[in-house]
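Undergrad: For reference, the structure I am asking about is given below.
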Amino acid sequence: MDWSQPTSWTAPLTLSGFLLALLAGLAHFSAHSSRRGWPPPQHALLAGRTSHPAVRPAHLLAYRATVLALTASLLLHSSLAAGPSCLRFFTVWNFIALVACFALGTALSCAHVCAPAHCAHAPSAAHALAAAAHHLLLEIELPMSAMIAAVVWLVLYPYDQDNHLTLLEYTNLTSLSMHGLNVCVLLLEFALDALDVRPEHVGLFTAWGMLYALFNGTQALWTHDTVYFFMDLTRLKTPLVALALACLMWCLFGGACLLSRLKWEACRRAPPGLEAALLPAEPAEILQLSRQLWGEGVAEASGR
């Protein structure tokens, strides 16, 4: 069987799958948020905190501000050089979200350093909303940047080599390095801050990936430009490729959740009381959320 042969049914089938996954992800996130309330007030307390007493909030602020300055300038330069056509690439979508994440993080850290008492006891509604949005962006960006790096290194780069394109069509040394560096930058942010990746937010993470897939597939039918060679929806193999990419997304999100658990375990071995800083303020909610996420062991440690 020739999996590369063109068909008339794979495009509508795959686009329908993208749309259903997008709607299901949004519905899952909306249902969870309506049950627990959104934005959660505890996010305003955690946005500027660090994961260890040795790391001061001012250090986190300096790191976030430095990354913001570098990434924002790079995004501006790339946008001016490439023009609006750069928005066809998922790497650009993801990089815009990364800049937004560090912009919010820098503002929240600045507020935490300059007015810690106000942030701890009387955060405004806008502050709580910004903190919740920052947390969600981090949860999306950490695994999604890893996915982009994996696709660039393991799919696009070998394809360029096999087609003797000398890294010109899909990849170049700057692209290969930048996508790997994005992962390192986000991992360091995650190591320094007091935030986590929560399994119940997988719906929003899925929706972000499916939104681009739906956009890319729709514009490809209109412009006949698939952007990425493996996103040609007219091929017989397209549904399997889409399913494989979705599974890779979910596996990397699961890896980020596992990394969160390891982070919590490390915090349990830190000075007493630090693990409670990573949880909501109400004791009952601490126990409930701990059992829900990591099981009885962490809940008992939080209750001691």
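Residue numbering restarts at 1 for every chain of the structure tokens, chains are lettered A, B, ... in their displayed order, and ligands are numbered from 1 as they appear.
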Quick one: residues within 12 Å of Ile148 in chain A, only C-alpha atoms, excluding same-chain residues fewer than 6 positions away - as JSON, numbers by chain?
TA: {"A": [89, 90, 91, 92, 93, 94, 95, 141, 142, 154, 155, 156, 157, 175, 176, 177, 178, 179, 180, 181, 182, 183, 209, 245, 248, 249, 252]}
Undergrad: Just write the chosen residues, C-alpha atoms, as a PDB file, in the first residue's frame.
TA:
ATOM      1  CA  PHE A  89       4.460  28.435  11.416  1.00  0.00           C
ATOM      2  CA  PHE A  90       3.606  26.792  14.718  1.00  0.00           C
ATOM      3  CA  THR A  91       7.077  27.628  15.975  1.00  0.00           C
ATOM      4  CA  VAL A  92       6.147  31.318  15.748  1.00  0.00           C
ATOM      5  CA  TRP A  93       2.840  30.766  17.531  1.00  0.00           C
ATOM      6  CA  ASN A  94       4.673  28.982  20.297  1.00  0.00           C
ATOM      7  CA  PHE A  95       7.368  31.644  20.520  1.00  0.00           C
ATOM      8  CA  GLU A 141       4.772  26.079  26.825  1.00  0.00           C
ATOM      9  CA  LEU A 142       6.904  23.632  28.816  1.00  0.00           C
ATOM     10  CA  LEU A 154      13.942  14.182  14.727  1.00  0.00           C
ATOM     11  CA  VAL A 155      11.646  14.878  11.746  1.00  0.00           C
ATOM     12  CA  LEU A 156      12.460  18.116   9.915  1.00  0.00           C
ATOM     13  CA  TYR A 157      16.236  17.925  10.191  1.00  0.00           C
ATOM     14  CA  SER A 175      16.537  27.155  14.213  1.00  0.00           C
ATOM     15  CA  LEU A 176      17.996  23.943  15.609  1.00  0.00           C
ATOM     16  CA  SER A 177      19.761  25.802  18.407  1.00  0.00           C
ATOM     17  CA  MET A 178      16.893  28.147  19.245  1.00  0.00           C
ATOM     18  CA  HIS A 179      14.271  25.450  19.685  1.00  0.00           C
ATOM     19  CA  GLY A 180      16.566  23.458  21.938  1.00  0.00           C
ATOM     20  CA  LEU A 181      17.378  26.611  23.897  1.00  0.00           C
ATOM     21  CA  ASN A 182      13.671  27.351  24.386  1.00  0.00           C
ATOM     22  CA  VAL A 183      13.306  24.057  26.228  1.00  0.00           C
ATOM     23  CA  GLY A 209      -2.209  22.189  19.571  1.00  0.00           C
ATOM     24  CA  LEU A 245       1.643  13.873  16.781  1.00  0.00           C
ATOM     25  CA  LEU A 248       3.516  12.741  21.278  1.00  0.00           C
ATOM     26  CA  MET A 249       1.849  15.887  22.663  1.00  0.00           C
ATOM     27  CA  LEU A 252       5.221  15.129  26.726  1.00  0.00           C
TER      28      LEU A 252
END
Undergrad: I'd like to know which of A:Ser51, A:Trp9, A:Pro199, A:Leu98 is closest to Leu74 in chain A, using only C-alpha atoms.
TA: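 Among A:Ser51, A:Trp9, A:Pro199, A:Leu98, it is A:Leu98 that comes nearest to Leu74 in chain A.
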Undergrad: Between A:Phe29, A:Trp222, A:Phe229, A:Phe190, which residue has the minimum interatomic distance to Thr50 in chain A, considering only C-alpha atoms?
TA: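 Ranked by minimum distance to Thr50 in chain A, first place goes to A:Phe190.
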Undergrad: Would you compute the distance between CA of Phe215 in chain A and CA of Ala244 in chain A? Give it in Å to one decimal.
TA: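 The value is 18.5 Å.
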Undergrad: Hey, what's within 9 Å of range 67-70 of chain A if we count only C-alpha atoms and toss same-chain stuff fewer than 5 positions away? As JSON, numbers by chain, please?
TA: {"A": [62, 75, 98, 99, 100, 101, 102, 103, 106, 185]}
Undergrad: Write to file, as a PDB file, in the first residue's frame, the residues of the selection just made, with N, CA and C atoms.
TA:
ATOM      1  N   ALA A  62      14.951  38.848  37.996  1.00  0.00           N
ATOM      2  CA  ALA A  62      16.066  39.148  37.089  1.00  0.00           C
ATOM      3  C   ALA A  62      16.115  38.144  35.938  1.00  0.00           C
ATOM      4  N   LEU A  75      11.858  38.113  18.689  1.00  0.00           N
ATOM      5  CA  LEU A  75      10.550  38.030  18.035  1.00  0.00           C
ATOM      6  C   LEU A  75      10.299  39.252  17.156  1.00  0.00           C
ATOM      7  N   LEU A  98       5.493  32.049  24.359  1.00  0.00           N
ATOM      8  CA  LEU A  98       6.623  32.060  25.292  1.00  0.00           C
ATOM      9  C   LEU A  98       6.945  33.487  25.739  1.00  0.00           C
ATOM     10  N   VAL A  99       6.959  34.428  24.797  1.00  0.00           N
ATOM     11  CA  VAL A  99       7.224  35.829  25.150  1.00  0.00           C
ATOM     12  C   VAL A  99       6.129  36.356  26.074  1.00  0.00           C
ATOM     13  N   ALA A 100       4.873  36.019  25.782  1.00  0.00           N
ATOM     14  CA  ALA A 100       3.769  36.449  26.643  1.00  0.00           C
ATOM     15  C   ALA A 100       3.906  35.866  28.045  1.00  0.00           C
ATOM     16  N   CYS A 101       4.339  34.606  28.128  1.00  0.00           N
ATOM     17  CA  CYS A 101       4.537  33.959  29.428  1.00  0.00           C
ATOM     18  C   CYS A 101       5.572  34.705  30.257  1.00  0.00           C
ATOM     19  N   PHE A 102       6.690  35.051  29.651  1.00  0.00           N
ATOM     20  CA  PHE A 102       7.737  35.741  30.402  1.00  0.00           C
ATOM     21  C   PHE A 102       7.390  37.209  30.645  1.00  0.00           C
ATOM     22  N   ALA A 103       6.578  37.808  29.790  1.00  0.00           N
ATOM     23  CA  ALA A 103       6.124  39.178  30.046  1.00  0.00           C
ATOM     24  C   ALA A 103       5.235  39.215  31.286  1.00  0.00           C
ATOM     25  N   THR A 106       7.380  38.414  34.402  1.00  0.00           N
ATOM     26  CA  THR A 106       8.197  39.550  34.835  1.00  0.00           C
ATOM     27  C   THR A 106       7.355  40.568  35.596  1.00  0.00           C
ATOM     28  N   VAL A 185      15.416  27.099  28.573  1.00  0.00           N
ATOM     29  CA  VAL A 185      14.948  28.320  29.245  1.00  0.00           C
ATOM     30  C   VAL A 185      13.711  28.030  30.084  1.00  0.00           C
TER      31      VAL A 185
END
Undergrad: Could you find all residues in range 72-226 of chain A that DSSP calls helix (DSSP H, G or I) from the backbone, and write them as a VMD selection string?
TA: chain A and resid 72 to 88 90 to 114 116 to 121 125 to 162 173 to 192 199 to 223
Undergrad: Show which residues sit within 10 Å of range 238-240 of chain A, as a VMD selection string. Count only C-alpha atoms, and ignore same-chain residues fewer than 2 positions away.
TA: chain A and resid 3 to 4 6 to 7 10 to 11 13 to 15 17 230 to 236 242 to 246
Undergrad: Can you spit out the residues from that selection as a PDB file, in the first residue's frame, using N, CA and C atoms?
TA:
ATOM      1  N   TRP A   3       1.221   4.707   1.137  1.00  0.00           N
ATOM      2  CA  TRP A   3       0.639   5.613   2.129  1.00  0.00           C
ATOM      3  C   TRP A   3       0.721   7.074   1.696  1.00  0.00           C
ATOM      4  N   SER A   4       1.473   7.362   0.654  1.00  0.00           N
ATOM      5  CA  SER A   4       1.608   8.744   0.190  1.00  0.00           C
ATOM      6  C   SER A   4       0.636   9.096  -0.928  1.00  0.00           C
ATOM      7  N   PRO A   6      -2.574  10.335  -2.921  1.00  0.00           N
ATOM      8  CA  PRO A   6      -3.590  11.347  -2.594  1.00  0.00           C
ATOM      9  C   PRO A   6      -4.983  10.735  -2.484  1.00  0.00           C
ATOM     10  N   THR A   7      -5.798  11.310  -1.623  1.00  0.00           N
ATOM     11  CA  THR A   7      -7.178  10.859  -1.434  1.00  0.00           C
ATOM     12  C   THR A   7      -8.089  12.079  -1.361  1.00  0.00           C
ATOM     13  N   THR A  10      -9.308  12.038   3.276  1.00  0.00           N
ATOM     14  CA  THR A  10      -8.477  12.215   4.478  1.00  0.00           C
ATOM     15  C   THR A  10      -8.504  13.655   4.994  1.00  0.00           C
ATOM     16  N   ALA A  11      -8.605  14.628   4.104  1.00  0.00           N
ATOM     17  CA  ALA A  11      -8.621  16.029   4.553  1.00  0.00           C
ATOM     18  C   ALA A  11      -9.845  16.337   5.412  1.00  0.00           C
ATOM     19  N   LEU A  13     -11.766  14.241   6.989  1.00  0.00           N
ATOM     20  CA  LEU A  13     -11.715  13.397   8.178  1.00  0.00           C
ATOM     21  C   LEU A  13     -10.752  13.967   9.216  1.00  0.00           C
ATOM     22  N   THR A  14      -9.564  14.353   8.774  1.00  0.00           N
ATOM     23  CA  THR A  14      -8.557  14.863   9.703  1.00  0.00           C
ATOM     24  C   THR A  14      -8.971  16.207  10.285  1.00  0.00           C
ATOM     25  N   LEU A  15      -9.513  17.100   9.455  1.00  0.00           N
ATOM     26  CA  LEU A  15      -9.971  18.395   9.959  1.00  0.00           C
ATOM     27  C   LEU A  15     -11.110  18.230  10.958  1.00  0.00           C
ATOM     28  N   GLY A  17     -11.476  15.665  12.907  1.00  0.00           N
ATOM     29  CA  GLY A  17     -10.824  15.200  14.131  1.00  0.00           C
ATOM     30  C   GLY A  17     -10.175  16.332  14.898  1.00  0.00           C
ATOM     31  N   PHE A 230       4.730  17.042   6.514  1.00  0.00           N
ATOM     32  CA  PHE A 230       3.931  15.960   7.098  1.00  0.00           C
ATOM     33  C   PHE A 230       2.495  16.405   7.395  1.00  0.00           C
ATOM     34  N   MET A 231       2.154  17.668   7.114  1.00  0.00           N
ATOM     35  CA  MET A 231       0.797  18.159   7.350  1.00  0.00           C
ATOM     36  C   MET A 231      -0.020  18.240   6.061  1.00  0.00           C
ATOM     37  N   ASP A 232       0.382  17.493   5.049  1.00  0.00           N
ATOM     38  CA  ASP A 232      -0.382  17.433   3.801  1.00  0.00           C
ATOM     39  C   ASP A 232      -1.614  16.562   4.034  1.00  0.00           C
ATOM     40  N   LEU A 233      -2.774  17.185   4.159  1.00  0.00           N
ATOM     41  CA  LEU A 233      -3.984  16.468   4.545  1.00  0.00           C
ATOM     42  C   LEU A 233      -4.566  15.616   3.426  1.00  0.00           C
ATOM     43  N   THR A 234      -4.035  15.708   2.231  1.00  0.00           N
ATOM     44  CA  THR A 234      -4.593  14.954   1.107  1.00  0.00           C
ATOM     45  C   THR A 234      -3.985  13.560   0.979  1.00  0.00           C
ATOM     46  N   ARG A 235      -3.063  13.200   1.847  1.00  0.00           N
ATOM     47  CA  ARG A 235      -2.386  11.907   1.737  1.00  0.00           C
ATOM     48  C   ARG A 235      -3.076  10.851   2.594  1.00  0.00           C
ATOM     49  N   LEU A 236      -2.943   9.612   2.180  1.00  0.00           N
ATOM     50  CA  LEU A 236      -3.576   8.508   2.889  1.00  0.00           C
ATOM     51  C   LEU A 236      -3.062   8.372   4.317  1.00  0.00           C
ATOM     52  N   ALA A 242      -1.336  12.533  12.122  1.00  0.00           N
ATOM     53  CA  ALA A 242      -1.983  13.422  13.090  1.00  0.00           C
ATOM     54  C   ALA A 242      -2.145  12.734  14.439  1.00  0.00           C
ATOM     55  N   LEU A 243      -2.530  11.460  14.421  1.00  0.00           N
ATOM     56  CA  LEU A 243      -2.683  10.722  15.672  1.00  0.00           C
ATOM     57  C   LEU A 243      -1.344  10.557  16.378  1.00  0.00           C
ATOM     58  N   ALA A 244      -0.286  10.293  15.620  1.00  0.00           N
ATOM     59  CA  ALA A 244       1.044  10.145  16.213  1.00  0.00           C
ATOM     60  C   ALA A 244       1.506  11.449  16.862  1.00  0.00           C
ATOM     61  N   LEU A 245       1.262  12.580  16.207  1.00  0.00           N
ATOM     62  CA  LEU A 245       1.643  13.873  16.781  1.00  0.00           C
ATOM     63  C   LEU A 245       0.838  14.175  18.038  1.00  0.00           C
ATOM     64  N   ALA A 246      -0.454  13.821  18.019  1.00  0.00           N
ATOM     65  CA  ALA A 246      -1.280  14.033  19.211  1.00  0.00           C
ATOM     66  C   ALA A 246      -0.779  13.180  20.374  1.00  0.00           C
TER      67      ALA A 246
END
Undergrad: What's the separation between CA of Gly105 in chain A and CA of Gly48 in chain A, in Å to one decimal place?
TA: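 Atom-to-atom, CA of Gly105 in chain A and CA of Gly48 in chain A are spaced 7.6 Å apart.
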Undergrad: Pick out the residues sitting within 7 Å of Ala128 in chain A, and hand them over as a list of chain:residue names; count only C-alpha atoms, and ignore anything fewer than 3 positions along from it in its own chain.
TA: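 Close residues of Ala128 in chain A: A:Pro39, A:Pro41, A:His43, A:Ala44, A:Pro123, A:Ser124, A:Ala125, A:Ala131, A:Ala132.
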Undergrad: Mind pulling up the distance from CA of Arg88 in chain A to CA of Val227 in chain A?
TA: 7.0 Å
Undergrad: Between A:Cys184, A:Ala47, A:Leu87, A:Leu26, which has the minimum distance to Asn216 in chain A (counting only C-alpha atoms)?
TA: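 The closest residue to Asn216 in chain A is A:Leu87.
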